[in-house]
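Colleague: Hey, dropping upload_15.tsv in here, TSV, C-alpha atoms:
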chain	number	residue	atom	x	y	z
A	118	MET	CA	-24.33	12.19	0.29
A	119	GLU	CA	-28.05	11.46	0.46
A	120	GLU	CA	-28.88	15.19	0.34
A	121	VAL	CA	-26.76	15.59	-2.78
A	122	LYS	CA	-28.32	12.55	-4.45
A	123	GLN	CA	-31.78	14.02	-3.72
A	124	PHE	CA	-30.70	17.39	-5.19
A	125	LEU	CA	-29.44	15.62	-8.31
A	126	ARG	CA	-32.62	13.56	-8.72
A	127	SER	CA	-34.82	16.62	-8.28
A	128	GLY	CA	-32.71	18.85	-10.52
A	129	SER	CA	-32.81	21.58	-7.88
A	130	LEU	CA	-29.08	22.31	-7.66
A	131	SER	CA	-29.14	25.38	-9.88
A	132	GLY	CA	-28.80	28.59	-7.88
A	133	ARG	CA	-28.52	26.72	-4.58
A	134	CYS	CA	-25.79	27.67	-2.14
A	135	LEU	CA	-24.23	24.38	-1.11
A	136	SER	CA	-21.91	23.98	1.86
A	137	PRO	CA	-18.30	22.92	1.22
A	138	GLU	CA	-19.17	19.46	2.58
A	139	GLN	CA	-22.12	19.16	0.19
A	140	LEU	CA	-19.88	20.26	-2.69
A	141	SER	CA	-17.35	17.56	-1.80
A	142	ALA	CA	-20.15	14.99	-1.71
A	143	LEU	CA	-21.46	16.30	-5.05
A	144	ALA	CA	-18.01	15.97	-6.62
A	145	PHE	CA	-17.68	12.44	-5.26
A	146	VAL	CA	-21.11	11.34	-6.51
A	147	LEU	CA	-20.52	12.80	-9.98
A	148	MET	CA	-17.02	11.30	-10.23
A	149	MET	CA	-18.41	7.84	-9.42
A	150	ALA	CA	-20.92	8.02	-12.28
A	151	GLU	CA	-20.34	5.46	-15.00
A	152	GLU	CA	-20.49	8.02	-17.81
A	153	PRO	CA	-18.56	11.29	-17.92
A	154	LEU	CA	-20.60	14.47	-17.51
A	155	ASP	CA	-21.45	16.20	-20.76
A	156	VAL	CA	-21.26	19.72	-19.31
A	157	PHE	CA	-19.98	21.05	-16.02
A	158	ASP	CA	-20.94	24.71	-15.55
A	159	MET	CA	-19.38	26.24	-12.43
A	160	LYS	CA	-21.93	29.08	-12.45
A	161	THR	CA	-24.63	26.54	-11.65
A	162	TYR	CA	-23.24	26.36	-8.14
A	163	THR	CA	-23.10	29.56	-6.08
A	164	THR	CA	-20.00	28.85	-4.10
A	165	SER	CA	-16.91	30.29	-2.44
A	166	MET	CA	-13.38	29.74	-3.72
A	167	ASP	CA	-13.07	26.90	-1.17
A	168	GLY	CA	-16.13	25.31	-2.77
A	169	CYS	CA	-14.64	25.92	-6.20
A	170	LEU	CA	-11.50	24.03	-5.19
A	171	ARG	CA	-13.65	21.11	-4.05
A	172	LEU	CA	-15.45	20.94	-7.40
A	173	LEU	CA	-12.43	21.29	-9.73
A	174	PRO	CA	-11.46	17.59	-9.62
A	175	LEU	CA	-14.72	17.00	-11.55
A	176	ILE	CA	-13.17	18.64	-14.61
A	177	LYS	CA	-11.40	15.48	-15.72
A	178	TYR	CA	-14.74	13.61	-15.64
A	179	CYS	CA	-16.58	15.93	-18.00
A	180	ARG	CA	-16.50	16.69	-21.69
A	181	GLN	CA	-17.14	20.44	-21.38
A	182	ALA	CA	-16.00	22.63	-18.50
A	183	LEU	CA	-17.60	26.07	-18.42
A	184	LEU	CA	-15.65	28.21	-15.99
A	185	ASP	CA	-16.15	31.55	-17.71
A	186	HIS	CA	-16.63	34.66	-15.56
A	187	CYS	CA	-15.94	32.69	-12.35
A	188	ASN	CA	-13.18	34.95	-10.99
A	189	LEU	CA	-10.90	31.98	-10.46
A	190	THR	CA	-7.93	32.62	-8.20
A	191	GLY	CA	-4.41	31.54	-9.09
A	192	GLU	CA	-4.83	28.63	-6.67
A	193	CYS	CA	-8.03	27.56	-8.46
A	194	CYS	CA	-6.32	27.77	-11.85
A	195	LYS	CA	-3.46	25.59	-10.62
A	196	ALA	CA	-5.94	23.03	-9.23
A	197	LEU	CA	-7.86	23.11	-12.50
A	198	ILE	CA	-4.74	22.50	-14.55
A	199	SER	CA	-3.72	19.66	-12.26
A	200	ALA	CA	-7.14	18.03	-12.75
A	201	VAL	CA	-6.98	18.46	-16.53
A	202	GLN	CA	-3.48	16.95	-16.68
A	203	SER	CA	-4.59	13.76	-14.98
A	204	ASN	CA	-4.99	10.78	-17.21
A	205	PRO	CA	-7.48	9.89	-18.49
A	206	SER	CA	-9.24	13.19	-19.03
A	207	HIS	CA	-12.48	13.31	-20.99
A	208	LEU	CA	-12.27	17.09	-21.38
A	209	ARG	CA	-12.85	18.36	-24.91
A	210	VAL	CA	-13.98	21.96	-24.26
A	211	LEU	CA	-12.46	24.28	-21.66
A	212	ASP	CA	-14.00	27.73	-21.34
A	213	LEU	CA	-12.01	30.09	-19.12
A	214	ARG	CA	-13.21	33.37	-20.61
A	215	SER	CA	-12.84	36.47	-18.43
A	216	ASN	CA	-10.70	34.86	-15.73
A	217	TYR	CA	-7.71	37.09	-15.05
A	218	SER	CA	-5.77	34.32	-13.29
A	219	ALA	CA	-6.00	32.09	-16.36
A	220	GLY	CA	-3.77	34.59	-18.17
A	221	LYS	CA	-1.24	34.47	-15.36
A	222	GLU	CA	-1.26	30.66	-15.37
A	223	VAL	CA	-1.14	30.26	-19.16
A	224	LYS	CA	2.30	28.63	-19.05
A	225	LEU	CA	0.91	25.88	-16.81
A	226	LEU	CA	-1.93	25.48	-19.27
A	227	CYS	CA	0.67	25.04	-22.01
A	228	SER	CA	2.00	21.97	-20.19
A	229	VAL	CA	-1.48	20.46	-20.53
A	230	LEU	CA	-1.49	21.13	-24.28
A	231	ARG	CA	1.94	19.51	-24.62
A	232	ASN	CA	0.71	16.34	-22.91
A	233	PRO	CA	0.07	13.58	-25.50
A	234	ALA	CA	-2.99	12.45	-23.49
A	235	CYS	CA	-4.65	15.86	-23.96
A	236	LYS	CA	-7.67	15.53	-26.25
A	237	MET	CA	-8.93	19.09	-25.85
A	238	GLU	CA	-10.60	20.43	-28.98
A	239	THR	CA	-11.76	23.89	-27.86
A	240	LEU	CA	-9.98	26.34	-25.57
A	241	ARG	CA	-11.56	29.72	-24.81
A	242	LEU	CA	-9.29	32.29	-23.17
A	243	SER	CA	-11.00	35.50	-24.26
A	244	GLY	CA	-10.48	38.41	-21.87
A	245	CYS	CA	-7.94	36.60	-19.66
A	246	GLN	CA	-5.28	39.31	-19.95
A	247	ILE	CA	-2.92	37.07	-21.86
A	248	THR	CA	0.19	38.95	-22.89
A	249	GLU	CA	2.58	38.60	-25.81
A	250	CYS	CA	4.70	36.22	-23.72
A	251	GLY	CA	1.67	34.03	-22.94
A	252	CYS	CA	0.64	34.01	-26.59
A	253	GLU	CA	4.13	32.92	-27.63
A	254	ALA	CA	4.03	30.14	-25.03
A	255	LEU	CA	0.68	28.91	-26.38
A	256	ALA	CA	1.92	28.94	-29.97
A	257	SER	CA	5.08	27.08	-28.93
A	258	ALA	CA	3.07	24.46	-27.01
A	259	LEU	CA	0.80	23.87	-29.97
A	260	GLN	CA	3.77	23.55	-32.34
A	261	SER	CA	5.59	21.11	-30.05
A	262	ARG	CA	3.30	18.18	-30.88
A	263	PRO	CA	0.28	17.50	-33.06
A	264	SER	CA	-2.63	18.87	-31.07
A	265	SER	CA	-6.31	17.96	-31.23
A	266	LEU	CA	-7.20	21.64	-30.70
A	267	THR	CA	-9.52	22.86	-33.46
A	268	GLU	CA	-10.77	26.08	-31.84
A	269	LEU	CA	-8.76	28.66	-29.90
A	270	ASP	CA	-10.27	31.93	-28.69
A	271	LEU	CA	-7.71	34.53	-27.62
A	272	SER	CA	-9.84	37.60	-28.35
A	273	HIS	CA	-9.75	40.60	-26.03
A	274	ASN	CA	-6.15	40.00	-24.93
A	275	CYS	CA	-2.92	41.96	-25.51
A	276	LEU	CA	-1.15	39.38	-27.68
A	277	GLY	CA	1.40	41.72	-29.26
A	278	ASP	CA	2.89	41.54	-32.75
A	279	THR	CA	5.33	38.71	-31.99
A	280	GLY	CA	2.62	36.55	-30.38
A	281	VAL	CA	0.27	37.02	-33.32
A	282	LYS	CA	3.06	36.26	-35.82
A	283	LYS	CA	3.82	33.01	-33.97
A	284	LEU	CA	0.14	32.06	-34.10
A	285	PHE	CA	0.02	32.72	-37.85
A	286	ALA	CA	3.19	30.64	-38.30
A	287	LEU	CA	1.47	27.85	-36.36
A	288	LEU	CA	-1.52	27.98	-38.73
A	289	GLU	CA	0.81	27.41	-41.68
A	290	THR	CA	2.28	24.18	-40.29
A	291	PRO	CA	0.85	20.99	-41.83
A	292	SER	CA	0.18	19.38	-38.44
A	293	CYS	CA	-1.95	22.28	-37.18
A	294	LYS	CA	-5.60	21.28	-36.80
A	295	LEU	CA	-6.88	24.71	-35.78
A	296	GLU	CA	-9.97	25.53	-37.79
A	297	LYS	CA	-11.08	28.55	-35.81
A	298	LEU	CA	-8.74	31.12	-34.28
A	299	LYS	CA	-10.14	34.24	-32.69
In structure tokens, write the structure found in this file.

Modeller:
Amino acid sequence: MEEVKQFLRSGSLSGRCLSPEQLSALAFVLMMAEEPLDVFDMKTYTTSMDGCLRLLPLIKYCRQALLDHCNLTGECCKALISAVQSNPSHLRVLDLRSNYSAGKEVKLLCSVLRNPACKMETLRLSGCQITECGCEALASALQSRPSSLTELDLSHNCLGDTGVKKLFALLETPSCKLEKLK
């Protein structure tokens, strides 16, 4: 714990390879902070998937979670979604760009969007190999209740005609707050 506190005070965490134990201590220290983190960027920490799993509980204590290009496994995506579903969650921006497993776990992500406690405003899923079925599930989840989502990035996916039509139908509903759809 003391090592991690020293790393945090010195600002020398970036690019450092921390042990799983140090990552657990880091997660604990950051979760005990009085204020939520503004930005959590997984790429700041060079870590294994085991280390990634130890850091994911931090997600609910931050406003922005940048997990793009992190090669998250299905297990990591499930842990991430579990953390985001917990109440309260401060998360407003979730960036999962270029994570293949995020596309596979999109239906679990839809359960987060259906949760009334979800305050997410931006969701980036570009290049996650989301299919027509996943796109339809997202559109359905966003239609099921008024969502706080104002930005949704689904670019570089295979959404299919039916998925895109459902998204356009969503945009036409009066309760839809989406301002930016890619």

Colleague: With stretch 154-177 of chain A as the partner and 6 Å as the cut-off, tabulate the residues of stretch 194-291 of chain A that qualify, each row holding the nearest pair of atoms and their distance in Å to one decimal, using all atoms listed in the file, sorted by chain and rising number, as a Markdown table.

Modeller:
| residue | atom | partner | partner_atom | distance |
| --- | --- | --- | --- | --- |
| A:Leu197 | CA | A:Leu173 | CA | 5.6 |
| A:Ala200 | CA | A:Pro174 | CA | 5.4 |
| A:Val201 | CA | A:Lys177 | CA | 5.4 |
| A:Ser206 | CA | A:Lys177 | CA | 4.6 |
| A:His207 | CA | A:Lys177 | CA | 5.8 |
| A:Leu208 | CA | A:Lys177 | CA | 5.9 |

Colleague: Tell me, in Å to one decimal, how far atom CA of A:Gln202 is from atom CA of A:Ala182.

Modeller: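 Separation of atom CA of A:Gln202 and atom CA of A:Ala182: 13.9 Å.
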
Colleague: In Å, with one decimal, what is the gap from atom CA of A:Cys235 to atom CA of A:Thr190?

Modeller: 23.2 Å

Colleague: Neighbours of A:Lys221 within 8 Å (all atoms listed in the file; same-chain residues fewer than 5 positions away dropped), as a list in words?

Modeller: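 Those residues are Gly191, Gln246 and Ile247 of chain A.
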
Colleague: Output C-alpha atoms for every residue in that selection, as a short mmCIF file (atom, residue, chain, number, x, y, z; two decimals), in the frame of the given file.

Modeller:
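Result file follows (result.cif):
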data_model
loop_
_atom_site.label_atom_id
_atom_site.label_comp_id
_atom_site.auth_asym_id
_atom_site.auth_seq_id
_atom_site.Cartn_x
_atom_site.Cartn_y
_atom_site.Cartn_z
CA GLY A 191 -4.41 31.54 -9.09
CA GLN A 246 -5.28 39.31 -19.95
CA ILE A 247 -2.92 37.07 -21.86
#

Colleague: Nearest to A:Lys195 among A:Tyr178, A:Thr279, A:Leu211, A:Lys224, with distances taken over all atoms listed in the file: which residue is it?

Modeller: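 When distances to A:Lys195 are compared using all atoms listed in the file, the smallest one comes from A:Lys224.
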
Colleague: Suppose you want the space between atom CA of A:Ser215 and atom CA of A:Ser243; what is it in Å?

Modeller: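 These atoms are spaced 6.2 Å apart.
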
Colleague: Which stretch 160-228 of chain A residues have any atom within 10 Å of an atom of stretch 270-277 of chain A, and for each, what is the nearest pair of atoms with distance in Å to one decimal, counting all atoms listed in the file, rows sorted by chain and number, as a tab-separated table?

Modeller:
residue	atom	partner	partner_atom	distance
A:Asp212	CA	A:Asp270	CA	9.3
A:Leu213	CA	A:Asp270	CA	9.9
A:Arg214	CA	A:Asp270	CA	8.7
A:Ser215	CA	A:His273	CA	9.2
A:Gly220	CA	A:Asn274	CA	9.0

Colleague: Choose the residue, out of A:Val146, A:Leu295, A:Ala219, A:Leu242, that has the smallest atom-to-atom separation from A:Leu266; count only C-alpha atoms.

Modeller: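 Under the stated criterion, the closest residue is A:Leu295.
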
Colleague: Find the residue from A:Lys299, A:Arg180, A:Arg209, A:Lys283 that sits nearest to A:Cys252; use only C-alpha atoms when measuring.

Modeller: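 For A:Cys252, the nearest of the candidates is A:Lys283.
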
Colleague: Measuring atom to atom with all atoms listed in the file, identify which of A:Pro153, A:Val210, A:Lys282, A:Tyr217 is nearest to A:Cys193.

Modeller: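 Between A:Pro153, A:Val210, A:Lys282, A:Tyr217, the residue approaching A:Cys193 most closely is A:Tyr217.
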
Colleague: Which is closer to A:Gly244 than all the others in A:Glu138, A:Asp185, A:Glu151, A:Glu222, using all atoms listed in the file?

Modeller: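 Among A:Glu138, A:Asp185, A:Glu151, A:Glu222, it is A:Asp185 that comes nearest to A:Gly244.
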
Colleague: Rank A:Asn204, A:Asn216, A:Ser136, A:Ser261 by their smallest atom-to-atom distance to A:Thr290, using only C-alpha atoms, and report the top residue only.

Modeller: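 Comparing A:Asn204, A:Asn216, A:Ser136, A:Ser261 against A:Thr290, the winner is A:Ser261.
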